[in-house]
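Structure below is model-v3.txt: compact mmCIF, N, CA and C atoms.
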```
# COMPACT_ATOMS: atom_id res chain seq x y z
N MET A 1 5.21 20.22 13.92
CA MET A 1 5.75 19.63 12.71
C MET A 1 4.59 19.26 11.77
N ALA A 2 4.71 19.61 10.54
CA ALA A 2 3.66 19.36 9.55
C ALA A 2 3.61 17.87 9.21
N GLN A 3 2.41 17.40 8.96
CA GLN A 3 2.22 16.00 8.57
C GLN A 3 2.52 15.84 7.09
N THR A 4 3.22 14.79 6.74
CA THR A 4 3.48 14.47 5.34
C THR A 4 2.26 13.78 4.75
N ASP A 5 1.71 14.35 3.69
CA ASP A 5 0.53 13.78 3.04
C ASP A 5 0.79 13.34 1.61
N TYR A 6 2.01 13.58 1.11
CA TYR A 6 2.32 13.25 -0.28
C TYR A 6 3.83 13.08 -0.40
N PHE A 7 4.22 12.07 -1.17
CA PHE A 7 5.64 11.96 -1.53
C PHE A 7 5.76 11.25 -2.86
N GLU A 8 6.89 11.47 -3.52
CA GLU A 8 7.20 10.83 -4.79
C GLU A 8 8.51 10.08 -4.63
N ARG A 9 8.57 8.94 -5.28
CA ARG A 9 9.78 8.11 -5.23
C ARG A 9 9.94 7.39 -6.55
N LYS A 10 11.17 6.93 -6.78
CA LYS A 10 11.47 6.01 -7.87
C LYS A 10 11.78 4.67 -7.23
N LEU A 11 11.20 3.60 -7.80
CA LEU A 11 11.57 2.27 -7.33
C LEU A 11 13.00 1.99 -7.75
N ASP A 12 13.73 1.26 -6.93
CA ASP A 12 15.08 0.87 -7.34
C ASP A 12 14.98 -0.35 -8.26
N ASP A 13 16.12 -0.87 -8.68
CA ASP A 13 16.14 -1.98 -9.64
C ASP A 13 15.55 -3.27 -9.08
N LYS A 14 15.39 -3.34 -7.75
CA LYS A 14 14.81 -4.54 -7.12
C LYS A 14 13.35 -4.31 -6.72
N ARG A 15 12.71 -3.27 -7.27
CA ARG A 15 11.31 -2.93 -7.02
C ARG A 15 11.06 -2.51 -5.58
N ARG A 16 12.05 -1.89 -4.95
CA ARG A 16 11.90 -1.46 -3.56
C ARG A 16 11.47 0.00 -3.50
N LEU A 17 10.52 0.26 -2.61
CA LEU A 17 10.03 1.61 -2.35
C LEU A 17 10.56 2.07 -1.01
N THR A 18 11.20 3.23 -0.99
CA THR A 18 11.73 3.80 0.25
C THR A 18 10.69 4.75 0.83
N ILE A 19 10.34 4.53 2.09
CA ILE A 19 9.38 5.38 2.80
C ILE A 19 10.15 6.56 3.40
N PRO A 20 9.62 7.78 3.26
CA PRO A 20 10.31 8.94 3.84
C PRO A 20 10.54 8.78 5.34
N THR A 21 11.66 9.26 5.81
CA THR A 21 12.05 9.13 7.21
C THR A 21 10.98 9.63 8.16
N GLU A 22 10.33 10.75 7.82
CA GLU A 22 9.38 11.36 8.74
C GLU A 22 8.09 10.57 8.94
N ILE A 23 7.82 9.56 8.11
CA ILE A 23 6.61 8.76 8.30
C ILE A 23 6.91 7.28 8.56
N ARG A 24 8.17 6.91 8.66
CA ARG A 24 8.51 5.49 8.86
C ARG A 24 7.91 4.91 10.13
N ALA A 25 7.78 5.72 11.16
CA ALA A 25 7.22 5.23 12.43
C ALA A 25 5.80 4.69 12.24
N GLU A 26 5.05 5.25 11.28
CA GLU A 26 3.69 4.77 11.00
C GLU A 26 3.70 3.29 10.62
N PHE A 27 4.80 2.85 10.01
CA PHE A 27 4.89 1.49 9.49
C PHE A 27 5.73 0.58 10.37
N SER A 28 5.95 0.99 11.62
CA SER A 28 6.78 0.18 12.52
C SER A 28 6.15 -1.18 12.81
N SER A 29 4.82 -1.27 12.71
CA SER A 29 4.13 -2.55 12.96
C SER A 29 4.24 -3.48 11.76
N GLY A 30 4.57 -2.93 10.62
CA GLY A 30 4.64 -3.70 9.37
C GLY A 30 3.90 -2.96 8.28
N VAL A 31 3.88 -3.57 7.10
CA VAL A 31 3.30 -2.96 5.91
C VAL A 31 2.35 -3.97 5.26
N VAL A 32 1.19 -3.48 4.82
CA VAL A 32 0.28 -4.28 4.00
C VAL A 32 0.06 -3.51 2.72
N ILE A 33 0.25 -4.19 1.59
CA ILE A 33 0.00 -3.55 0.30
C ILE A 33 -1.00 -4.43 -0.46
N THR A 34 -2.02 -3.78 -1.01
CA THR A 34 -3.09 -4.49 -1.72
C THR A 34 -3.45 -3.72 -2.98
N ARG A 35 -4.27 -4.37 -3.79
CA ARG A 35 -4.88 -3.68 -4.93
C ARG A 35 -5.86 -2.64 -4.40
N GLY A 36 -5.99 -1.54 -5.12
CA GLY A 36 -7.02 -0.57 -4.80
C GLY A 36 -8.29 -0.88 -5.56
N TYR A 37 -9.25 0.04 -5.52
CA TYR A 37 -10.51 -0.16 -6.24
C TYR A 37 -10.31 -0.07 -7.75
N LYS A 38 -9.38 0.77 -8.16
CA LYS A 38 -9.09 0.94 -9.58
C LYS A 38 -7.62 0.61 -9.80
N ASN A 39 -6.98 1.20 -10.80
CA ASN A 39 -5.59 0.83 -11.09
C ASN A 39 -4.60 1.63 -10.25
N TYR A 40 -4.66 1.39 -8.97
CA TYR A 40 -3.72 1.94 -8.01
C TYR A 40 -3.61 0.95 -6.87
N LEU A 41 -2.69 1.20 -5.96
CA LEU A 41 -2.47 0.30 -4.83
C LEU A 41 -2.81 1.02 -3.53
N HIS A 42 -3.16 0.24 -2.52
CA HIS A 42 -3.35 0.75 -1.16
C HIS A 42 -2.17 0.28 -0.32
N LEU A 43 -1.63 1.19 0.47
CA LEU A 43 -0.53 0.91 1.37
C LEU A 43 -0.99 1.21 2.79
N TYR A 44 -1.02 0.18 3.64
CA TYR A 44 -1.49 0.32 5.01
C TYR A 44 -0.39 0.01 6.00
N PRO A 45 -0.31 0.75 7.10
CA PRO A 45 0.45 0.23 8.24
C PRO A 45 -0.27 -1.04 8.71
N LEU A 46 0.46 -2.06 9.10
CA LEU A 46 -0.15 -3.32 9.54
C LEU A 46 -1.14 -3.08 10.68
N SER A 47 -0.82 -2.18 11.59
CA SER A 47 -1.72 -1.90 12.71
C SER A 47 -3.06 -1.35 12.22
N VAL A 48 -3.05 -0.49 11.20
CA VAL A 48 -4.29 0.05 10.63
C VAL A 48 -5.07 -1.06 9.94
N TRP A 49 -4.38 -1.90 9.19
CA TRP A 49 -5.05 -3.03 8.53
C TRP A 49 -5.77 -3.89 9.58
N ASN A 50 -5.04 -4.26 10.63
CA ASN A 50 -5.62 -5.15 11.65
C ASN A 50 -6.76 -4.51 12.43
N GLU A 51 -6.65 -3.21 12.73
CA GLU A 51 -7.65 -2.53 13.56
C GLU A 51 -8.86 -2.04 12.78
N LEU A 52 -8.66 -1.61 11.52
CA LEU A 52 -9.74 -0.97 10.78
C LEU A 52 -10.23 -1.75 9.56
N VAL A 53 -9.34 -2.40 8.84
CA VAL A 53 -9.74 -3.08 7.62
C VAL A 53 -10.26 -4.49 7.92
N GLU A 54 -9.49 -5.26 8.65
CA GLU A 54 -9.87 -6.65 8.94
C GLU A 54 -11.28 -6.76 9.52
N PRO A 55 -11.67 -5.92 10.49
CA PRO A 55 -13.04 -6.03 11.01
C PRO A 55 -14.11 -5.80 9.93
N GLN A 56 -13.83 -4.92 8.96
CA GLN A 56 -14.79 -4.66 7.88
C GLN A 56 -14.89 -5.84 6.93
N LEU A 57 -13.80 -6.58 6.79
CA LEU A 57 -13.78 -7.74 5.89
C LEU A 57 -14.36 -8.99 6.56
N SER A 58 -14.60 -8.90 7.85
CA SER A 58 -15.09 -10.05 8.60
C SER A 58 -16.58 -9.96 8.88
N GLY A 59 -17.31 -9.30 8.01
CA GLY A 59 -18.75 -9.15 8.19
C GLY A 59 -19.50 -10.45 7.96
N ASN A 60 -20.76 -10.35 7.69
CA ASN A 60 -21.64 -11.50 7.48
C ASN A 60 -21.09 -12.37 6.35
N ILE A 61 -20.93 -13.65 6.64
CA ILE A 61 -20.34 -14.59 5.69
C ILE A 61 -21.16 -14.73 4.40
N LEU A 62 -22.46 -14.42 4.48
CA LEU A 62 -23.32 -14.55 3.30
C LEU A 62 -23.57 -13.23 2.58
N ASP A 63 -22.94 -12.18 3.01
CA ASP A 63 -23.10 -10.86 2.41
C ASP A 63 -22.20 -10.76 1.17
N GLU A 64 -22.81 -10.64 0.00
CA GLU A 64 -22.03 -10.62 -1.24
C GLU A 64 -21.10 -9.41 -1.33
N LYS A 65 -21.53 -8.28 -0.80
CA LYS A 65 -20.66 -7.09 -0.82
C LYS A 65 -19.40 -7.34 0.01
N ILE A 66 -19.55 -7.97 1.17
CA ILE A 66 -18.39 -8.31 2.00
C ILE A 66 -17.49 -9.29 1.26
N ALA A 67 -18.08 -10.26 0.58
CA ALA A 67 -17.30 -11.22 -0.19
C ALA A 67 -16.51 -10.52 -1.29
N ASP A 68 -17.16 -9.60 -1.99
CA ASP A 68 -16.48 -8.86 -3.06
C ASP A 68 -15.33 -8.02 -2.51
N LEU A 69 -15.52 -7.40 -1.35
CA LEU A 69 -14.46 -6.62 -0.73
C LEU A 69 -13.28 -7.52 -0.35
N ASN A 70 -13.57 -8.71 0.16
CA ASN A 70 -12.51 -9.64 0.50
C ASN A 70 -11.70 -10.02 -0.73
N VAL A 71 -12.37 -10.31 -1.82
CA VAL A 71 -11.66 -10.64 -3.06
C VAL A 71 -10.80 -9.44 -3.49
N GLN A 72 -11.39 -8.25 -3.47
CA GLN A 72 -10.68 -7.05 -3.91
C GLN A 72 -9.40 -6.81 -3.10
N PHE A 73 -9.52 -6.88 -1.78
CA PHE A 73 -8.38 -6.49 -0.94
C PHE A 73 -7.45 -7.63 -0.55
N ARG A 74 -7.90 -8.86 -0.70
CA ARG A 74 -7.02 -9.98 -0.36
C ARG A 74 -6.29 -10.56 -1.57
N MET A 75 -6.82 -10.30 -2.77
CA MET A 75 -6.18 -10.81 -3.98
C MET A 75 -4.86 -10.07 -4.20
N GLY A 76 -3.78 -10.78 -4.05
CA GLY A 76 -2.47 -10.15 -4.22
C GLY A 76 -1.96 -9.44 -2.99
N LYS A 77 -2.69 -9.49 -1.88
CA LYS A 77 -2.28 -8.82 -0.64
C LYS A 77 -0.92 -9.35 -0.17
N VAL A 78 -0.06 -8.42 0.22
CA VAL A 78 1.26 -8.78 0.71
C VAL A 78 1.49 -8.07 2.04
N GLU A 79 1.95 -8.84 3.03
CA GLU A 79 2.39 -8.28 4.31
C GLU A 79 3.89 -8.38 4.37
N THR A 80 4.53 -7.31 4.81
CA THR A 80 5.99 -7.31 4.90
C THR A 80 6.41 -6.31 5.98
N ILE A 81 7.69 -6.08 6.10
CA ILE A 81 8.22 -5.08 7.03
C ILE A 81 9.21 -4.20 6.28
N LEU A 82 9.45 -3.01 6.83
CA LEU A 82 10.48 -2.13 6.28
C LEU A 82 11.84 -2.65 6.71
N ASP A 83 12.83 -2.57 5.83
CA ASP A 83 14.17 -2.92 6.27
C ASP A 83 14.66 -1.84 7.24
N ASP A 84 15.49 -2.25 8.17
CA ASP A 84 15.92 -1.34 9.24
C ASP A 84 16.80 -0.21 8.77
N LYS A 85 17.64 -0.47 7.77
CA LYS A 85 18.61 0.53 7.36
C LYS A 85 18.00 1.68 6.56
N GLN A 86 17.25 1.35 5.52
CA GLN A 86 16.80 2.40 4.59
C GLN A 86 15.30 2.60 4.56
N GLY A 87 14.56 1.86 5.38
CA GLY A 87 13.11 2.05 5.45
C GLY A 87 12.41 1.76 4.13
N ARG A 88 12.71 0.63 3.55
CA ARG A 88 12.13 0.30 2.25
C ARG A 88 11.58 -1.12 2.27
N PHE A 89 10.75 -1.41 1.29
CA PHE A 89 10.19 -2.74 1.12
C PHE A 89 10.00 -2.99 -0.37
N THR A 90 9.91 -4.26 -0.73
CA THR A 90 9.75 -4.65 -2.13
C THR A 90 8.28 -4.76 -2.48
N ILE A 91 7.92 -4.19 -3.63
CA ILE A 91 6.56 -4.33 -4.16
C ILE A 91 6.59 -5.43 -5.22
N GLU A 92 5.74 -6.42 -5.04
CA GLU A 92 5.73 -7.54 -5.98
C GLU A 92 5.29 -7.08 -7.37
N GLN A 93 5.85 -7.74 -8.38
CA GLN A 93 5.62 -7.34 -9.76
C GLN A 93 4.14 -7.38 -10.15
N HIS A 94 3.39 -8.36 -9.68
CA HIS A 94 1.97 -8.45 -10.06
C HIS A 94 1.19 -7.23 -9.57
N LEU A 95 1.58 -6.66 -8.43
CA LEU A 95 0.92 -5.45 -7.94
C LEU A 95 1.30 -4.24 -8.79
N LEU A 96 2.56 -4.15 -9.15
CA LEU A 96 3.00 -3.05 -10.02
C LEU A 96 2.28 -3.13 -11.37
N ASP A 97 2.13 -4.33 -11.89
CA ASP A 97 1.43 -4.52 -13.17
C ASP A 97 -0.03 -4.07 -13.04
N TYR A 98 -0.68 -4.45 -11.95
CA TYR A 98 -2.08 -4.08 -11.72
C TYR A 98 -2.26 -2.56 -11.76
N ALA A 99 -1.33 -1.85 -11.12
CA ALA A 99 -1.42 -0.39 -11.02
C ALA A 99 -0.71 0.32 -12.16
N ASP A 100 -0.16 -0.43 -13.11
CA ASP A 100 0.58 0.12 -14.23
C ASP A 100 1.70 1.06 -13.76
N ILE A 101 2.38 0.64 -12.70
CA ILE A 101 3.51 1.40 -12.17
C ILE A 101 4.79 0.80 -12.75
N LYS A 102 5.56 1.65 -13.41
CA LYS A 102 6.82 1.20 -13.99
C LYS A 102 7.96 1.45 -13.01
N ARG A 103 8.18 2.70 -12.67
CA ARG A 103 9.28 3.05 -11.77
C ARG A 103 8.94 4.23 -10.87
N ASP A 104 8.23 5.22 -11.42
CA ASP A 104 7.92 6.44 -10.67
C ASP A 104 6.58 6.29 -9.95
N ILE A 105 6.62 6.53 -8.64
CA ILE A 105 5.42 6.39 -7.81
C ILE A 105 5.12 7.71 -7.10
N ALA A 106 3.83 8.02 -7.06
CA ALA A 106 3.34 9.11 -6.21
C ALA A 106 2.50 8.46 -5.13
N ALA A 107 2.69 8.90 -3.89
CA ALA A 107 1.95 8.36 -2.75
C ALA A 107 1.17 9.50 -2.10
N VAL A 108 -0.13 9.27 -1.92
CA VAL A 108 -1.01 10.29 -1.34
C VAL A 108 -1.71 9.69 -0.13
N ARG A 109 -1.67 10.42 0.99
CA ARG A 109 -2.35 9.96 2.20
C ARG A 109 -3.85 10.04 1.99
N VAL A 110 -4.54 8.95 2.39
CA VAL A 110 -6.00 8.90 2.34
C VAL A 110 -6.43 8.50 3.75
N GLY A 111 -6.49 9.49 4.63
CA GLY A 111 -6.81 9.17 6.02
C GLY A 111 -5.68 8.41 6.67
N LYS A 112 -5.94 7.15 7.03
CA LYS A 112 -4.95 6.35 7.75
C LYS A 112 -4.16 5.40 6.86
N TYR A 113 -4.37 5.49 5.54
CA TYR A 113 -3.59 4.68 4.62
C TYR A 113 -3.12 5.55 3.46
N TRP A 114 -2.43 4.95 2.52
CA TRP A 114 -1.83 5.67 1.38
C TRP A 114 -2.30 5.04 0.07
N ARG A 115 -2.49 5.88 -0.93
CA ARG A 115 -2.77 5.41 -2.27
C ARG A 115 -1.48 5.59 -3.08
N LEU A 116 -1.05 4.52 -3.73
CA LEU A 116 0.14 4.56 -4.58
C LEU A 116 -0.31 4.54 -6.03
N ILE A 117 0.13 5.53 -6.77
CA ILE A 117 -0.25 5.62 -8.17
C ILE A 117 0.98 5.79 -9.04
N SER A 118 0.84 5.48 -10.30
CA SER A 118 1.91 5.69 -11.24
C SER A 118 2.06 7.20 -11.46
N LYS A 119 3.28 7.68 -11.31
CA LYS A 119 3.54 9.09 -11.57
C LYS A 119 4.07 9.20 -12.99
N VAL A 120 3.33 9.89 -13.81
CA VAL A 120 3.74 10.08 -15.19
C VAL A 120 4.75 11.22 -15.23
N SER A 121 5.90 10.93 -15.78
CA SER A 121 6.97 11.96 -15.84
C SER A 121 6.69 12.98 -16.91
```

What do you get writing this file as structure tokens?
Amino acid sequence: MAQTDYFERKLDDKRRLTIPTEIRAEFSSGVVITRGYKNYLHLYPLSVWNELVEPQLSGNILDEKIADLNVQFRMGKVETILDDKQGRFTIEQHLLDYADIKRDIAAVRVGKYWRLISKVS
């Protein structure tokens, strides 16, 4: 079975993003959504956040680069879960504003996480 590396969705009226059925298992541990480096969002399975991101953010307390990364990825960070019925979660408005996402989203796999960008129609 081929791996899904890209999908497009429209947010519903309650700002909910539905994850495709074939990748929902990746998010069974939960969902972490944060600001990206530029005007896009990062979407992590909670297990990936805990195993790979958290250790990188827990470096030397006096390292300014580590501090900057903590500000970047923790500012506006939201942890949530997918609803059981439709495999969706709500994206908070401040994150949508940061990424200039109105309704149409494109999601691209970046290794073990996803980049969410505004899809221009």

Checklist entry - Between A:Arg88, A:His94, A:Arg35, A:His42, which one has atoms that come closest to A:Arg74, using only N, CA and C atoms? => result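 Checking each of A:Arg88, A:His94, A:Arg35, A:His42 against A:Arg74, counting only N, CA and C atoms, the winner is A:Arg35.
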
| request: Looking only at helix (DSSP H, G or I) from DSSP on the backbone, list the matching residues of chain A as a ChimeraX atom specification. | output: /A:21-27,46-57,64-74,93-98

Residues near A:Ile81, cut-off 8 Å, only C-alpha atoms, skip fewer than 6 positions along chain, as a list of chain:residue names =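 These residues fall inside the cut-off: A:Phe27, A:Ser28, A:Ser29, A:Gly30, A:Val31, A:Phe89.
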
Show me a table, sorted first by chain and then by increasing residue number, of the residues of stretch 5-37 of chain A having an atom at most 7 Å from stretch 102-113 of chain A, each with its shortest atom pair and the distance in Å to one decimal, counting only N, CA and C atoms and written as a tab-separated table.
```
residue	atom	partner	partner_atom	distance
A:Asp5	C	A:Arg109	N	3.9
A:Tyr6	CA	A:Ala107	C	4.3
A:Phe7	C	A:Ala107	N	4.0
A:Glu8	CA	A:Ile105	C	4.4
A:Arg9	C	A:Ile105	N	4.0
A:Lys10	CA	A:Arg103	C	4.3
A:Leu11	N	A:Arg103	C	3.9
A:Asp12	N	A:Arg103	CA	6.8
```

In terms of only C-alpha atoms, the residue from A:Leu46, A:Leu41, A:Leu52, A:Met75 at minimal distance from A:Ile117 is A:Leu41

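In this structure, atom N of A:Ile19 sits 16.6 Å away from atom C of A:Leu95.
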
Fill in: Spatial neighbours of A:Arg15, max dist 7 Å, only N, CA and C atoms, sep filter under 5 positions, as an MDAnalysis selection string
chainID A and resid 89:92

Practice prompt. May I have the residues at most 6.5 Å from (2.8, -2.1, 3.9) in the file's coordinates, counting only N, CA and C atoms, as an MDAnalysis selection string?
Written response: chainID A and resid 30:33 43:46 78:80

Just write the chosen residues, N, CA and C atoms, as a short mmCIF file (atom, residue, chain, number, x, y, z; two decimals), in the frame of the given file.
```
data_model
loop_
_atom_site.label_atom_id
_atom_site.label_comp_id
_atom_site.auth_asym_id
_atom_site.auth_seq_id
_atom_site.Cartn_x
_atom_site.Cartn_y
_atom_site.Cartn_z
N GLY A 30 4.57 -2.93 10.62
CA GLY A 30 4.64 -3.70 9.37
C GLY A 30 3.90 -2.96 8.28
N VAL A 31 3.88 -3.57 7.10
CA VAL A 31 3.30 -2.96 5.91
C VAL A 31 2.35 -3.97 5.26
N VAL A 32 1.19 -3.48 4.82
CA VAL A 32 0.28 -4.28 4.00
C VAL A 32 0.06 -3.51 2.72
N ILE A 33 0.25 -4.19 1.59
CA ILE A 33 0.00 -3.55 0.30
C ILE A 33 -1.00 -4.43 -0.46
N LEU A 43 -1.63 1.19 0.47
CA LEU A 43 -0.53 0.91 1.37
C LEU A 43 -0.99 1.21 2.79
N TYR A 44 -1.02 0.18 3.64
CA TYR A 44 -1.49 0.32 5.01
C TYR A 44 -0.39 0.01 6.00
N PRO A 45 -0.31 0.75 7.10
CA PRO A 45 0.45 0.23 8.24
C PRO A 45 -0.27 -1.04 8.71
N LEU A 46 0.46 -2.06 9.10
CA LEU A 46 -0.15 -3.32 9.54
C LEU A 46 -1.14 -3.08 10.68
N VAL A 78 -0.06 -8.42 0.22
CA VAL A 78 1.26 -8.78 0.71
C VAL A 78 1.49 -8.07 2.04
N GLU A 79 1.95 -8.84 3.03
CA GLU A 79 2.39 -8.28 4.31
C GLU A 79 3.89 -8.38 4.37
N THR A 80 4.53 -7.31 4.81
CA THR A 80 5.99 -7.31 4.90
C THR A 80 6.41 -6.31 5.98
#
```

Exercise. So which residues touch A:Gly87 within 7 Å, counting only C-alpha atoms, skipping near sequence neighbours fewer than 3 positions away, as a PyMOL selection string?
Worked result: chain A and resi 18-19+24+82-84

Just the number, please: distance in Å from atom CA of A:Ile66 to atom CA of A:Ala99, one decimal.
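Result for atom CA of A:Ile66 versus atom CA of A:Ala99: 22.8 Å, one decimal.
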
Check: Would you give me, as number ranges by chain, the residues in stretch 7-119 of chain A that DSSP reads as strand (DSSP E or B)?
Finding: A: 7-10, 16-18, 31-35, 41-45, 78-80, 88-90, 104-110, 113-118

Note to self: Quick check, in Å to one decimal: how far apart do atom CA of A:Trp114 and atom CA of A:Glu64 lie?
What the structure shows: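 Going from atom CA of A:Trp114 over to atom CA of A:Glu64, I get 26.1 Å.
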
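With only C-alpha atoms as the atoms that count, the minimum distance from A:Gly76 to the choices A:Asp63, A:Asp97, A:Asp13, A:Glu54 is reached by A:Asp97.
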
Starting from the incomplete input, reconstruct all heavy atoms of stretch 16-25 of chain A and report them as a compact mmCIF listing (two decimals), keeping the file's coordinate frame.
```
# COMPACT_ATOMS: atom_id res chain seq x y z
N ARG A 16 12.05 -1.89 -4.95
CA ARG A 16 11.90 -1.46 -3.56
C ARG A 16 11.47 0.00 -3.50
O ARG A 16 12.00 0.84 -4.23
CB ARG A 16 13.20 -1.65 -2.79
CG ARG A 16 13.54 -3.12 -2.61
CD ARG A 16 14.85 -3.31 -1.90
NE ARG A 16 15.94 -2.77 -2.69
CZ ARG A 16 17.21 -3.08 -2.55
NH1 ARG A 16 17.59 -3.95 -1.62
NH2 ARG A 16 18.14 -2.55 -3.31
N LEU A 17 10.52 0.26 -2.61
CA LEU A 17 10.03 1.61 -2.35
C LEU A 17 10.56 2.07 -1.01
O LEU A 17 10.39 1.37 0.00
CB LEU A 17 8.50 1.63 -2.33
CG LEU A 17 7.85 2.97 -1.98
CD1 LEU A 17 8.15 4.03 -3.04
CD2 LEU A 17 6.34 2.80 -1.79
N THR A 18 11.20 3.23 -0.99
CA THR A 18 11.73 3.80 0.25
C THR A 18 10.69 4.75 0.83
O THR A 18 10.22 5.67 0.15
CB THR A 18 13.05 4.55 -0.01
OG1 THR A 18 13.99 3.63 -0.59
CG2 THR A 18 13.61 5.13 1.27
N ILE A 19 10.34 4.53 2.09
CA ILE A 19 9.38 5.38 2.80
C ILE A 19 10.15 6.56 3.40
O ILE A 19 11.21 6.37 3.99
CB ILE A 19 8.69 4.57 3.92
CG1 ILE A 19 7.93 3.38 3.33
CG2 ILE A 19 7.78 5.45 4.76
CD1 ILE A 19 6.78 3.73 2.43
N PRO A 20 9.62 7.78 3.26
CA PRO A 20 10.31 8.94 3.84
C PRO A 20 10.54 8.78 5.34
O PRO A 20 9.68 8.22 6.06
CB PRO A 20 9.36 10.10 3.56
CG PRO A 20 8.54 9.65 2.39
CD PRO A 20 8.40 8.17 2.55
N THR A 21 11.66 9.26 5.81
CA THR A 21 12.05 9.13 7.21
C THR A 21 10.98 9.63 8.16
O THR A 21 10.68 8.99 9.16
CB THR A 21 13.36 9.94 7.45
OG1 THR A 21 14.33 9.52 6.50
CG2 THR A 21 13.88 9.73 8.85
N GLU A 22 10.33 10.75 7.82
CA GLU A 22 9.38 11.36 8.74
C GLU A 22 8.09 10.57 8.94
O GLU A 22 7.33 10.84 9.87
CB GLU A 22 9.06 12.80 8.32
CG GLU A 22 8.51 12.97 6.92
CD GLU A 22 9.57 13.14 5.84
OE1 GLU A 22 10.75 12.82 6.06
OE2 GLU A 22 9.18 13.58 4.73
N ILE A 23 7.82 9.56 8.11
CA ILE A 23 6.61 8.76 8.30
C ILE A 23 6.91 7.28 8.56
O ILE A 23 5.98 6.48 8.68
CB ILE A 23 5.62 8.90 7.12
CG1 ILE A 23 6.22 8.38 5.82
CG2 ILE A 23 5.13 10.33 7.00
CD1 ILE A 23 5.23 8.26 4.69
N ARG A 24 8.17 6.91 8.66
CA ARG A 24 8.51 5.49 8.86
C ARG A 24 7.91 4.91 10.13
O ARG A 24 7.54 3.74 10.17
CB ARG A 24 10.02 5.30 8.86
CG ARG A 24 10.59 5.39 7.49
CD ARG A 24 12.07 5.12 7.46
NE ARG A 24 12.57 5.52 6.16
CZ ARG A 24 13.83 5.72 5.87
NH1 ARG A 24 14.75 5.53 6.80
NH2 ARG A 24 14.19 6.11 4.67
N ALA A 25 7.78 5.72 11.16
CA ALA A 25 7.22 5.23 12.43
C ALA A 25 5.80 4.69 12.24
O ALA A 25 5.39 3.77 12.94
CB ALA A 25 7.24 6.33 13.48
```
